[in-house]
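Scroll down for the structure; my scribbles are underneath it.
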Amino acid sequence: MISAEHISSYVDERQILRDISFTVQKGEAVAILGPNGAGKSTLLRHLAGLKKPDAGVVYYNGEPVHLLANKERARKMALLVQNPEVAFQFTALEIVRMARYPYLRRFQTENQKDHAIVREMMEKTCTWHLRDRTLDEMSGGERQRVFLARALAQEPEILLLDEPTTYLDVFHQHELLDLLQRAKQQMGLTWVAVLHDLNLAVQYCDRILLLAKGQLVSYGKPSEVLRPDMLADVYGVDVMVMKVKEIPFPQFVFLPRNNMQGEQN
Ligand SMILES: Nc1ncnc2c1ncn2[C@@H]1O[C@H](COP(=O)(O)OP(=O)(O)OP(=O)(O)O)[C@@H](O)[C@H]1O
């Protein structure tokens with residue numbers, strides 16, 4: 001459905017991504033993991049067609065994404081970035097209503113279906129009660145949920161999210177990912193998220209893409225990618241993988257490299 005084929009990316013003379021290739025199938029949930037500066041956000045921007053790679057192509061259902069017209073791309077894909085640039089005097093409702101613009105013709109206003117979708121997504125993200133508040137009257141987590149409502153109200157086939165759990169407390173982190181999981185199961189939504197929390201990634205994602213220094217280290221099922229040796233290499237920490245009887249997926253515990261030495265001293 002979406003595939004990166006040999007993409008490379010540069011900023012000035014510096015190479016940010018090196019020859020990355022992978023495919024995400026329809027209805028899959030994928031986490032992009034890797035240390036700070038690995039190139040995760042850059043990769044997501046290429047997938048969203050916001051930035052054309054310097055080499056290689058990203059295809060969406062066989063078409064190069066950077067060639068899709070803006071409105072057409074917005075009906076297929078939504079991107080939730082870390083700090084969306086929106087004027088602070090907009091209300092939550094106005095922000096979520098923006099999601100319907102790709103569906104309107106020139107001079108056309110929203111119809112009942114548009115209003116219903118906006119309300120449904122605001123209710124699902126627990127933001128309907130914030131509808132008349134402006135962005136500067138909201139907490140970071142509330143703002144994040146409003147932008148998620150906007151991305152969902154766009155009714156995309158694929159949702160790309162850059163660190164969507166930042167600003168969210170533990171309850172809302174799980175609520176957001178549960179919501180994406182339901183959208184995947186009920187509507188076939190495909191989503192790709194940059195995450196930092198391996199425990200969330202293993203719980204919610206079908207595949208993991210591990211990136212380090214602009215290179216694809218591994219891409220596959222969580223059990224294939226999240227191996228202690230590979231994680232230790234990439235993150236520079238020791239990793240313990242634990243099985244907890246009550247939950248069906250492993251848990252990752254990180255130990256500073258000199259931890260054992262410190263204990264003994
Ligand atoms: N516009 C830019 N100008 C200069 N360097 C940039 C620019 N955008 C990204 N970079 C550099 O490219 C590299 C990858 O950045 P990117 O934001 O993709 O990493 P990341 O894996 O998302 O990092 P983080 O986990 O810290 O958010 C970094 O070294 C960053 O400094």
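Labels used: A, B, ... for chains in the order of the structure tokens, numbers from 1 for residues in each chain, and numbers from 1 for ligands as shown.
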
Task: At most 6 Å from ligand 1 (only C-alpha atoms and all ligand atoms): residue list as JSON, numbers by chain - done: {"A": [11, 16, 35, 36, 37, 38, 39, 40, 41, 42]}

Write out the residues from the selection above, keeping N, CA and C atoms, as an mmCIF file, in the first residue's frame.
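Output file again-v1.cif is given in full below:
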data_model
loop_
_atom_site.group_PDB
_atom_site.id
_atom_site.type_symbol
_atom_site.label_atom_id
_atom_site.label_comp_id
_atom_site.auth_asym_id
_atom_site.auth_seq_id
_atom_site.Cartn_x
_atom_site.Cartn_y
_atom_site.Cartn_z
ATOM 1 N N VAL A 11 20.356 16.956 4.203
ATOM 2 C CA VAL A 11 20.171 18.366 4.571
ATOM 3 C C VAL A 11 21.532 19.000 4.332
ATOM 4 N N ILE A 16 20.918 12.280 5.802
ATOM 5 C CA ILE A 16 20.031 12.044 6.949
ATOM 6 C C ILE A 16 19.432 10.640 6.864
ATOM 7 N N PRO A 35 16.928 5.996 18.151
ATOM 8 C CA PRO A 35 17.416 7.062 19.026
ATOM 9 C C PRO A 35 17.147 8.450 18.457
ATOM 10 N N ASN A 36 17.316 9.466 19.284
ATOM 11 C CA ASN A 36 17.182 10.854 18.835
ATOM 12 C C ASN A 36 18.106 11.095 17.654
ATOM 13 N N GLY A 37 17.570 11.793 16.653
ATOM 14 C CA GLY A 37 18.387 12.164 15.500
ATOM 15 C C GLY A 37 18.566 11.044 14.488
ATOM 16 N N ALA A 38 17.884 9.903 14.679
ATOM 17 C CA ALA A 38 18.052 8.758 13.767
ATOM 18 C C ALA A 38 17.470 9.037 12.382
ATOM 19 N N GLY A 39 16.516 9.990 12.320
ATOM 20 C CA GLY A 39 15.889 10.297 11.030
ATOM 21 C C GLY A 39 14.425 9.903 10.958
ATOM 22 N N LYS A 40 13.813 9.629 12.107
ATOM 23 C CA LYS A 40 12.425 9.130 12.146
ATOM 24 C C LYS A 40 11.432 10.164 11.585
ATOM 25 N N SER A 41 11.541 11.414 12.078
ATOM 26 C CA SER A 41 10.591 12.446 11.612
ATOM 27 C C SER A 41 10.807 12.730 10.129
ATOM 28 N N THR A 42 12.052 12.719 9.713
ATOM 29 C CA THR A 42 12.354 12.960 8.299
ATOM 30 C C THR A 42 11.705 11.866 7.445
#

Proximity check region 55-114 of chain A to region 191-202 of chain A, 10 Å, nearest pairs one decimal Å, only C-alpha atoms, as JSON lines:
{"residue": "A:Met77", "atom": "CA", "partner": "A:Trp191", "partner_atom": "CA", "distance": 9.6}
{"residue": "A:Ala78", "atom": "CA", "partner": "A:Trp191", "partner_atom": "CA", "distance": 9.6}
{"residue": "A:Leu79", "atom": "CA", "partner": "A:Val192", "partner_atom": "CA", "distance": 9.6}
{"residue": "A:Leu80", "atom": "CA", "partner": "A:Ala193", "partner_atom": "CA", "distance": 9.2}
{"residue": "A:Val81", "atom": "CA", "partner": "A:Val194", "partner_atom": "CA", "distance": 10.0}

- [ ] Would you list the contacts of Arg207 (chain A) as number ranges by chain, taking every protein, DNA or RNA residue within 10 Å and counting only C-alpha atoms, but skipping same-chain residues closer than 4 positions in sequence?
- [x] A: 24, 28-32, 192, 201-202, 219-225

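Nearest to Ala212 (chain A) of all the residues A:Leu180, A:Ile20, A:His6, A:Thr91 is A:Ile20, based on only C-alpha atoms.
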
TODO: Would you mind telling me which residue in A:Pro164, A:Gly27, A:Gly49, A:Gly62 lies nearest to Ser3 (chain A) when using only C-alpha atoms?
DONE: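 Closest residue, counting only C-alpha atoms: A:Gly62.
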
Open item on the list: Taking only C-alpha atoms into account, name the residue in A:Gly34, A:Pro53, A:Gly188, A:Pro84 that is nearest to Val146 (chain A).
Closed with: A:Pro84

Open item on the list: Could you tell me how far CA of Leu148 (chain A) sits from CA of Tyr204 (chain A), in Å to one decimal place?
Closed with: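 Result for CA of Tyr204 (chain A) versus CA of Leu148 (chain A): 17.1 Å, one decimal.
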
TODO: Extract the full set of helix (DSSP H, G or I) residues from region 11-252 of chain A according to DSSP on the backbone, and format it as an MDAnalysis selection string.
DONE: chainID A and resid 40:47 65:67 70:76 92:103 112:124 128:130 135:137 140:153 170:187 198:204 222:225 228:235

Open item on the list: Nearest residue to His129 (chain A) out of A:Glu142, A:Asp54, A:Glu5, A:Glu85, using only C-alpha atoms?
Closed with: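 Closest to His129 (chain A) of all the choices is A:Glu142.
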
Quick one: DSSP strand (DSSP E or B) residues in region 131-230 of chain A, as a PDB file with C-alpha atoms, in the first residue's frame?
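Output (selection38.pdb):
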ATOM      1  CA  THR A 134      -8.934  28.333  21.896  1.00  0.00           C
ATOM      2  CA  ILE A 158      -3.406   5.988   6.336  1.00  0.00           C
ATOM      3  CA  LEU A 159      -2.513   8.021   9.399  1.00  0.00           C
ATOM      4  CA  LEU A 160       1.083   9.086  10.026  1.00  0.00           C
ATOM      5  CA  LEU A 161       1.865  10.232  13.556  1.00  0.00           C
ATOM      6  CA  ASP A 162       5.036  11.811  14.921  1.00  0.00           C
ATOM      7  CA  THR A 190      -3.366   1.855   8.397  1.00  0.00           C
ATOM      8  CA  TRP A 191      -1.155   3.798  10.788  1.00  0.00           C
ATOM      9  CA  VAL A 192       2.533   4.489  11.140  1.00  0.00           C
ATOM     10  CA  ALA A 193       3.756   6.216  14.295  1.00  0.00           C
ATOM     11  CA  VAL A 194       7.107   7.419  15.525  1.00  0.00           C
ATOM     12  CA  ARG A 207       5.536  -4.315  12.669  1.00  0.00           C
ATOM     13  CA  ILE A 208       8.466  -2.322  13.922  1.00  0.00           C
ATOM     14  CA  LEU A 209      10.930  -0.340  11.854  1.00  0.00           C
ATOM     15  CA  LEU A 210      14.167   0.283  13.732  1.00  0.00           C
ATOM     16  CA  LEU A 211      16.229   3.184  12.475  1.00  0.00           C
ATOM     17  CA  ALA A 212      19.714   4.278  13.582  1.00  0.00           C
ATOM     18  CA  GLN A 215      19.863   3.507   8.261  1.00  0.00           C
ATOM     19  CA  LEU A 216      17.215   0.847   8.490  1.00  0.00           C
ATOM     20  CA  VAL A 217      18.532  -1.605  11.071  1.00  0.00           C
ATOM     21  CA  SER A 218      15.586  -3.981  10.991  1.00  0.00           C
ATOM     22  CA  TYR A 219      11.953  -4.142   9.864  1.00  0.00           C
ATOM     23  CA  GLY A 220       9.582  -6.923  10.813  1.00  0.00           C
TER      24      GLY A 220
END

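Across the structure, CA of Glu72 (chain A) and CA of Ala151 (chain A) are spaced 14.8 Å apart.
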
Open item on the list: Need the shell around Ser9 (chain A): protein/DNA/RNA residues with any atom at most 9 Å away, counting only C-alpha atoms. Skip same-chain ones fewer than 4 positions apart. Format as a count of residues only?
Closed with: 14

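Across the structure, CA of Val58 (chain A) and CA of Pro156 (chain A) are spaced 17.3 Å apart.
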